[in-house]
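protein-v1.txt, holding compact mmCIF, C-alpha atoms and all ligand atoms:
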# COMPACT_ATOMS: atom_id res chain seq x y z
CA THR A 1 78.80 106.56 98.99
CA ARG A 2 81.84 107.82 97.13
CA ARG A 3 84.90 108.35 99.25
CA LEU A 4 87.39 111.16 98.84
CA VAL A 5 90.57 110.09 97.05
CA ILE A 6 93.54 112.42 96.74
CA ALA A 7 96.10 111.37 94.12
CA VAL A 8 99.75 112.31 94.67
CA ASP A 9 101.96 111.31 91.74
CA GLY A 10 105.49 112.12 90.65
CA PRO A 11 108.99 110.75 90.05
CA ALA A 12 111.24 109.09 92.64
CA ALA A 13 112.35 111.14 95.66
CA ALA A 14 110.29 114.22 94.76
CA GLY A 15 108.97 114.30 98.33
CA LYS A 16 105.55 112.85 97.53
CA GLY A 17 105.62 110.18 100.24
CA THR A 18 106.29 112.64 103.05
CA LEU A 19 103.71 115.02 101.63
CA ALA A 20 101.03 112.41 101.10
CA ARG A 21 101.49 111.01 104.60
CA ARG A 22 101.11 114.46 106.15
CA LEU A 23 98.08 115.30 104.00
CA ALA A 24 96.46 112.05 105.08
CA ALA A 25 97.04 112.84 108.76
CA GLU A 26 95.75 116.39 108.34
CA LEU A 27 92.59 115.28 106.51
CA ALA A 28 92.04 112.12 108.62
CA LEU A 29 92.23 109.84 105.56
CA PRO A 30 94.05 106.51 105.22
CA TYR A 31 97.40 106.67 103.41
CA LEU A 32 98.65 104.18 100.83
CA ASP A 33 102.17 104.18 99.39
CA THR A 34 101.46 102.31 96.13
CA GLY A 35 105.17 101.98 95.31
CA LEU A 36 105.32 99.47 98.17
CA LEU A 37 103.05 97.12 96.20
CA TYR A 38 105.46 97.04 93.26
CA ARG A 39 108.43 96.76 95.63
CA ALA A 40 106.86 93.81 97.43
CA VAL A 41 106.14 91.99 94.14
CA GLY A 42 109.75 92.56 93.08
CA ARG A 43 110.99 91.28 96.43
CA ARG A 44 108.91 88.10 96.19
CA LEU A 45 110.55 87.37 92.83
CA LEU A 46 114.06 88.05 94.13
CA ASP A 47 113.37 85.69 97.08
CA ARG A 48 112.56 82.89 94.67
CA GLY A 49 115.59 83.59 92.53
CA ALA A 50 113.16 84.51 89.72
CA ASP A 51 113.77 87.21 87.14
CA PRO A 52 111.75 90.42 87.83
CA THR A 53 111.37 90.93 84.07
CA ASP A 54 109.67 87.52 83.61
CA PRO A 55 105.98 88.38 82.98
CA VAL A 56 104.54 84.99 83.97
CA ALA A 57 106.45 84.70 87.24
CA ALA A 58 105.81 88.36 88.08
CA ALA A 59 102.06 88.10 87.45
CA ALA A 60 101.87 85.04 89.71
CA GLU A 61 103.64 86.89 92.54
CA ALA A 62 101.41 89.96 92.09
CA CYS A 63 98.31 87.76 92.48
CA ALA A 64 99.81 86.08 95.57
CA LEU A 65 100.75 89.36 97.31
CA THR A 66 99.76 89.51 101.00
CA HIS A 67 99.48 92.31 103.55
CA GLU A 68 102.50 90.85 105.38
CA ASP A 69 104.63 91.37 102.26
CA LEU A 70 104.00 95.11 102.54
CA GLY A 71 105.42 95.27 106.06
CA ARG A 72 108.78 93.76 105.15
CA GLY A 73 111.88 95.73 106.11
CA ASP A 74 113.82 95.06 102.92
CA LEU A 75 111.70 96.89 100.36
CA ARG A 76 114.06 99.86 99.93
CA GLY A 77 117.49 100.01 98.38
CA PRO A 78 118.93 99.78 94.88
CA GLU A 79 118.04 96.13 94.28
CA ALA A 80 114.42 96.61 95.37
CA ASP A 81 114.21 99.86 93.32
CA ARG A 82 115.26 98.06 90.16
CA ALA A 83 113.03 95.05 90.74
CA ALA A 84 109.99 97.31 91.44
CA SER A 85 110.53 99.34 88.30
CA ALA A 86 110.94 96.15 86.23
CA VAL A 87 107.74 94.46 87.45
CA ALA A 88 105.90 97.78 87.02
CA THR A 89 106.33 97.54 83.23
CA ILE A 90 104.37 94.24 83.09
CA PRO A 91 100.67 94.75 82.23
CA ALA A 92 99.43 91.69 84.16
CA VAL A 93 101.18 92.93 87.31
CA ARG A 94 99.60 96.38 86.97
CA ALA A 95 96.17 94.80 86.40
CA ALA A 96 96.43 92.72 89.58
CA LEU A 97 97.54 95.71 91.64
CA LEU A 98 94.87 97.96 90.13
CA ASP A 99 92.07 96.05 91.88
CA TRP A 100 93.98 96.14 95.13
CA GLN A 101 94.43 99.91 94.94
CA ARG A 102 90.83 100.63 93.91
CA ASP A 103 89.47 98.49 96.74
CA PHE A 104 91.63 100.36 99.22
CA GLY A 105 90.55 103.80 98.01
CA GLN A 106 86.87 102.97 97.65
CA ARG A 107 86.61 101.51 101.11
CA HIS A 108 87.45 104.57 103.19
CA GLY A 109 88.83 107.19 100.81
CA ALA A 110 92.58 107.72 100.81
CA VAL A 111 95.59 109.80 100.04
CA MET A 112 97.54 107.59 97.63
CA ASP A 113 100.99 108.26 96.25
CA GLY A 114 102.48 106.66 93.16
CA ARG A 115 103.02 107.22 89.45
CA ASP A 116 99.59 106.65 87.88
CA ILE A 117 97.00 107.32 90.59
CA GLY A 118 95.56 110.39 88.87
CA THR A 119 95.84 108.99 85.34
CA VAL A 120 94.80 105.34 85.75
CA VAL A 121 93.86 104.17 89.25
CA PHE A 122 91.50 107.04 90.17
CA PRO A 123 91.12 109.23 87.08
CA GLU A 124 87.99 110.78 88.67
CA ALA A 125 89.79 111.77 91.87
CA PRO A 126 88.68 115.33 92.65
CA VAL A 127 92.14 116.31 93.89
CA LYS A 128 95.37 115.43 92.04
CA LEU A 129 98.85 116.67 92.76
CA PHE A 130 101.89 116.04 90.59
CA VAL A 131 104.97 116.55 92.74
CA SER A 132 108.37 116.99 91.13
CA ALA A 133 111.83 118.42 91.77
CA SER A 134 115.02 118.67 89.73
CA PRO A 135 116.85 115.36 89.18
CA GLU A 136 119.91 116.70 91.03
CA GLU A 137 117.86 117.65 94.09
CA ARG A 138 115.97 114.35 94.08
CA ALA A 139 119.21 112.39 93.88
CA ARG A 140 120.61 114.43 96.77
CA ARG A 141 117.53 113.70 98.92
CA ARG A 142 117.64 109.99 98.10
CA TRP A 143 121.36 109.91 98.95
CA VAL A 144 120.70 111.53 102.35
CA GLU A 145 117.91 108.99 103.03
CA MET A 146 120.20 106.11 102.08
CA GLN A 147 123.00 107.41 104.30
CA ALA A 148 120.56 107.46 107.22
CA ARG A 149 119.75 103.78 106.53
CA GLY A 150 123.44 102.90 106.37
CA GLN A 151 123.35 102.37 102.60
CA ALA A 152 126.35 104.42 101.58
CA LEU A 153 126.62 104.80 97.79
CA PRO A 154 128.33 107.59 95.84
CA LEU A 155 125.96 110.44 94.93
CA ASP A 156 126.65 110.11 91.20
CA GLN A 157 125.67 106.43 91.30
CA VAL A 158 122.44 107.24 93.16
CA GLU A 159 121.65 109.91 90.56
CA ALA A 160 122.40 107.57 87.63
CA GLU A 161 120.17 104.79 89.04
CA MET A 162 117.36 107.26 89.76
CA ARG A 163 117.50 108.70 86.25
CA ALA A 164 117.42 105.18 84.78
CA ARG A 165 114.35 104.31 86.86
CA ASP A 166 112.60 107.60 85.91
CA ALA A 167 113.32 106.91 82.24
CA GLN A 168 111.87 103.40 82.52
CA ASP A 169 108.80 104.68 84.43
CA SER A 170 108.17 107.46 81.87
CA ALA A 171 108.79 105.39 78.73
CA ARG A 172 106.77 102.25 79.53
CA SER A 173 103.67 101.70 77.42
CA VAL A 174 101.29 100.88 80.30
CA ALA A 175 100.50 103.69 82.74
CA PRO A 176 103.64 105.76 82.12
CA LEU A 177 104.63 108.42 84.63
CA LYS A 178 103.04 111.70 83.52
CA PRO A 179 100.84 114.36 85.11
CA ALA A 180 97.08 113.97 84.69
CA GLU A 181 95.65 116.80 82.58
CA ASP A 182 93.83 118.18 85.61
CA ALA A 183 96.67 117.73 88.11
CA ALA A 184 98.07 120.66 90.08
CA LEU A 185 101.85 120.78 89.60
CA LEU A 186 104.05 121.28 92.65
CA ASP A 187 107.80 121.73 92.18
CA THR A 188 109.55 121.12 95.52
CA THR A 189 113.13 121.76 94.31
CA SER A 190 113.58 124.82 96.51
CA LEU A 191 111.02 123.93 99.21
CA ASP A 192 111.75 122.17 102.49
CA ALA A 193 109.27 119.59 103.81
CA GLU A 194 107.32 122.21 105.78
CA ALA A 195 106.97 124.62 102.85
CA ALA A 196 106.06 121.78 100.48
CA PHE A 197 103.33 120.63 102.86
CA ALA A 198 101.90 124.14 103.20
CA ALA A 199 101.83 124.55 99.42
CA ALA A 200 100.24 121.14 98.90
CA LEU A 201 97.57 121.75 101.54
CA ALA A 202 96.65 125.06 99.89
CA LEU A 203 96.32 123.31 96.50
CA VAL A 204 94.18 120.55 98.04
CA ARG A 205 91.89 122.96 99.90
CA ALA A 206 91.40 124.99 96.72
CA ARG A 207 90.10 121.82 95.00
CA MET A 208 88.02 120.21 97.75
O1 LIG A 301 107.37 105.23 94.63
P1 LIG A 301 108.44 104.16 94.64
O2 LIG A 301 109.80 104.70 94.28
O3 LIG A 301 108.44 103.37 95.89
O4 LIG A 301 108.00 103.14 93.48
C1 LIG A 301 108.83 102.07 93.09
C2 LIG A 301 108.56 101.74 91.63
O5 LIG A 301 107.23 101.23 91.52
C3 LIG A 301 108.61 102.93 90.67
O6 LIG A 301 109.89 103.11 90.10
C4 LIG A 301 107.60 102.55 89.61
O7 LIG A 301 108.22 101.79 88.59
C5 LIG A 301 106.62 101.65 90.32
N1 LIG A 301 105.34 102.31 90.61
C6 LIG A 301 104.40 102.38 89.60
N2 LIG A 301 103.16 102.89 89.84
C7 LIG A 301 102.85 103.35 91.06
C8 LIG A 301 103.81 103.32 92.10
C9 LIG A 301 105.07 102.80 91.84
O8 LIG A 301 104.68 101.98 88.48
N3 LIG A 301 101.62 103.84 91.29
Here is a file; write its structure as structure tokens.
Amino acid sequence: TRRLVIAVDGPAAAGKGTLARRLAAELALPYLDTGLLYRAVGRRLLDRGADPTDPVAAAAEACALTHEDLGRGDLRGPEADRAASAVATIPAVRAALLDWQRDFGQRHGAVMDGRDIGTVVFPEAPVKLFVSASPEERARRRWVEMQARGQALPLDQVEAEMRARDAQDSARSVAPLKPAEDAALLDTTSLDAEAAFAAALALVRARM
């Protein structure tokens, strides 16, 4: 039987993780944060002192990825952000993670958040959301999150790193960040988490 997959894509810090997690709880579906897969591959490379832009080393780490890697506590922060975005440009890494993501979704259905779920991983997903917000607002949210984790960086540096990562994610030749043609667009710039969830749930219900 085919399982329900809901794709939630968008740029960094648009609120898609919070939204996708709540949608999953509401609809009793498993949730997968696909960014964690890229983060964990990047982290494995950093651990070995390898270069996250090295395609051969990165592909090997993507193939060796374990479930334990995804539970690590050090997958967030500027270094992990950069490493994730670098390995995400490598076609062999994306190919290895594609199988992983499809298996997950096909097994029980899922709400999955990422950059290319609606365009590449599950192009036939019946429900696709593309969640965005202005770069200034996204940088502000990421800065608040980082403060809460004790990672104090100046706001303008957070914004500059986020814009660089968005540019890399949008410009890469494999699976670039862009809305699927049939995605519903949700701009959360002026919405709090509650309002964003209500809007997303309405869009999902209209498509189910
Ligand atoms: O969503 P998150 O910020 O955790 O993702 C980290 C990085 O992983 C992104 O900058 C992007 O380069 C990559 N990614 C991706 N495709 C996905 C999810 C994440 O390329 N589906």
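Take the candidates A:Ala58, A:Ala183, A:Ala110, A:Ser173 and check each one against Leu46 (chain A) using all atoms listed in the file; the shortest distance goes to A:Ala58.
Each of A:Ser132, A:Ser85, A:Ser190, A:Ser170 was checked against ligand LIG 301 (chain A) using only C-alpha atoms and all ligand atoms; the smallest atom-to-atom distance is that of A:Ser85.
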Counting all atoms listed in the file, which protein, DNA or RNA residues come within 6 Å of ligand LIG 301 (chain A), given as a ChimeraX atom specification? /A:12,34-36,38-39,81,84-85,88,114-117,165,169
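Atom pair CA of Phe130 (chain A) / CA of Asp187 (chain A) has a distance of 8.4 Å (rounded to one decimal).
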Select, from A:Leu75, A:Leu177, A:Leu191, A:Ala206, the residue with the minimum atom-to-atom distance to Ala133 (chain A), counting all atoms listed in the file.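 Using all atoms listed in the file, Ala133 (chain A) sits closest to A:Leu191.
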Shortest interatomic distance to Arg138 (chain A) - which of A:Ala14, A:Leu203, A:Ala195, A:Leu186, counting all atoms listed in the file: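 With all atoms listed in the file as the atom set, the closest residue is A:Ala14.
With CA of Arg149 (chain A) on one side and CA of Ala13 (chain A) on the other, the separation reads 15.1 Å.
Protein, DNA and RNA residues at most 12 Å from (92.9, 104.4, 86.0), with all atoms listed in the file, are these: A:Ala7, A:Arg94, A:Ala95, A:Leu97, A:Leu98, A:Asp99, A:Gln101, A:Arg102, A:Arg115, A:Asp116, A:Ile117, A:Gly118, A:Thr119, A:Val120, A:Val121, A:Phe122, A:Pro123, A:Glu124, A:Ala125, A:Val174, A:Ala175, A:Pro176, A:Ala180.
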Could I see region 119-152 of chain A restored to N, CA and C atoms, set down as a CSV table (one decimal), in the frame of the given file?
chain,number,residue,atom,x,y,z
A,119,THR,N,96.1,109.3,86.8
A,119,THR,CA,95.8,109.0,85.3
A,119,THR,C,95.1,107.7,85.1
A,120,VAL,N,95.3,106.7,86.0
A,120,VAL,CA,94.8,105.3,85.8
A,120,VAL,C,94.0,104.8,86.9
A,121,VAL,N,94.5,104.9,88.1
A,121,VAL,CA,93.9,104.2,89.2
A,121,VAL,C,92.6,104.9,89.7
A,122,PHE,N,92.7,106.2,89.9
A,122,PHE,CA,91.5,107.0,90.2
A,122,PHE,C,91.4,108.3,89.3
A,123,PRO,N,91.1,108.1,88.0
A,123,PRO,CA,91.1,109.2,87.1
A,123,PRO,C,90.0,110.2,87.5
A,124,GLU,N,89.0,109.8,88.2
A,124,GLU,CA,88.0,110.8,88.7
A,124,GLU,C,88.3,111.4,90.0
A,125,ALA,N,89.5,111.2,90.6
A,125,ALA,CA,89.8,111.8,91.9
A,125,ALA,C,89.6,113.3,91.8
A,126,PRO,N,88.9,113.9,92.7
A,126,PRO,CA,88.7,115.3,92.6
A,126,PRO,C,89.9,116.2,92.9
A,127,VAL,N,90.9,115.6,93.6
A,127,VAL,CA,92.1,116.3,93.9
A,127,VAL,C,93.3,115.5,93.4
A,128,LYS,N,94.2,116.1,92.5
A,128,LYS,CA,95.4,115.4,92.0
A,128,LYS,C,96.6,116.4,92.1
A,129,LEU,N,97.6,115.9,92.7
A,129,LEU,CA,98.8,116.7,92.8
A,129,LEU,C,99.9,115.9,92.0
A,130,PHE,N,100.7,116.6,91.2
A,130,PHE,CA,101.9,116.0,90.6
A,130,PHE,C,103.1,116.7,91.2
A,131,VAL,N,103.9,116.0,92.0
A,131,VAL,CA,105.0,116.6,92.7
A,131,VAL,C,106.3,116.2,92.1
A,132,SER,N,107.1,117.3,91.8
A,132,SER,CA,108.4,117.0,91.1
A,132,SER,C,109.5,117.9,91.8
A,133,ALA,N,110.7,117.6,91.4
A,133,ALA,CA,111.8,118.4,91.8
A,133,ALA,C,112.9,118.1,90.8
A,134,SER,N,114.0,118.9,90.7
A,134,SER,CA,115.0,118.7,89.7
A,134,SER,C,115.7,117.3,90.0
A,135,PRO,N,116.2,116.6,89.0
A,135,PRO,CA,116.8,115.4,89.2
A,135,PRO,C,118.0,115.4,90.2
A,136,GLU,N,118.8,116.5,90.1
A,136,GLU,CA,119.9,116.7,91.0
A,136,GLU,C,119.4,116.7,92.5
A,137,GLU,N,118.4,117.5,92.7
A,137,GLU,CA,117.9,117.6,94.1
A,137,GLU,C,117.3,116.3,94.6
A,138,ARG,N,116.6,115.6,93.7
A,138,ARG,CA,116.0,114.4,94.1
A,138,ARG,C,117.0,113.3,94.4
A,139,ALA,N,118.1,113.3,93.6
A,139,ALA,CA,119.2,112.4,93.9
A,139,ALA,C,119.9,112.7,95.2
A,140,ARG,N,120.0,114.0,95.5
A,140,ARG,CA,120.6,114.4,96.8
A,140,ARG,C,119.7,114.0,97.9
A,141,ARG,N,118.4,114.1,97.8
A,141,ARG,CA,117.5,113.7,98.9
A,141,ARG,C,117.6,112.2,99.1
A,142,ARG,N,117.6,111.4,98.0
A,142,ARG,CA,117.6,110.0,98.1
A,142,ARG,C,118.9,109.5,98.7
A,143,TRP,N,120.0,110.2,98.4
A,143,TRP,CA,121.4,109.9,99.0
A,143,TRP,C,121.4,110.1,100.5
A,144,VAL,N,120.8,111.2,100.9
A,144,VAL,CA,120.7,111.5,102.4
A,144,VAL,C,119.9,110.4,103.1
A,145,GLU,N,118.8,110.1,102.5
A,145,GLU,CA,117.9,109.0,103.0
A,145,GLU,C,118.7,107.7,103.2
A,146,MET,N,119.5,107.4,102.1
A,146,MET,CA,120.2,106.1,102.1
A,146,MET,C,121.3,106.1,103.1
A,147,GLN,N,122.0,107.3,103.3
A,147,GLN,CA,123.0,107.4,104.3
A,147,GLN,C,122.4,107.1,105.7
A,148,ALA,N,121.2,107.6,105.9
A,148,ALA,CA,120.6,107.5,107.2
A,148,ALA,C,120.2,106.0,107.5
A,149,ARG,N,120.0,105.2,106.4
A,149,ARG,CA,119.8,103.8,106.5
A,149,ARG,C,121.0,103.0,106.5
A,150,GLY,N,122.2,103.6,106.4
A,150,GLY,CA,123.4,102.9,106.4
A,150,GLY,C,123.8,102.3,105.0
A,151,GLN,N,123.0,102.8,104.0
A,151,GLN,CA,123.4,102.4,102.6
A,151,GLN,C,124.2,103.5,101.9
A,152,ALA,N,125.5,103.4,102.1
A,152,ALA,CA,126.4,104.4,101.6
A,152,ALA,C,126.8,104.1,100.1
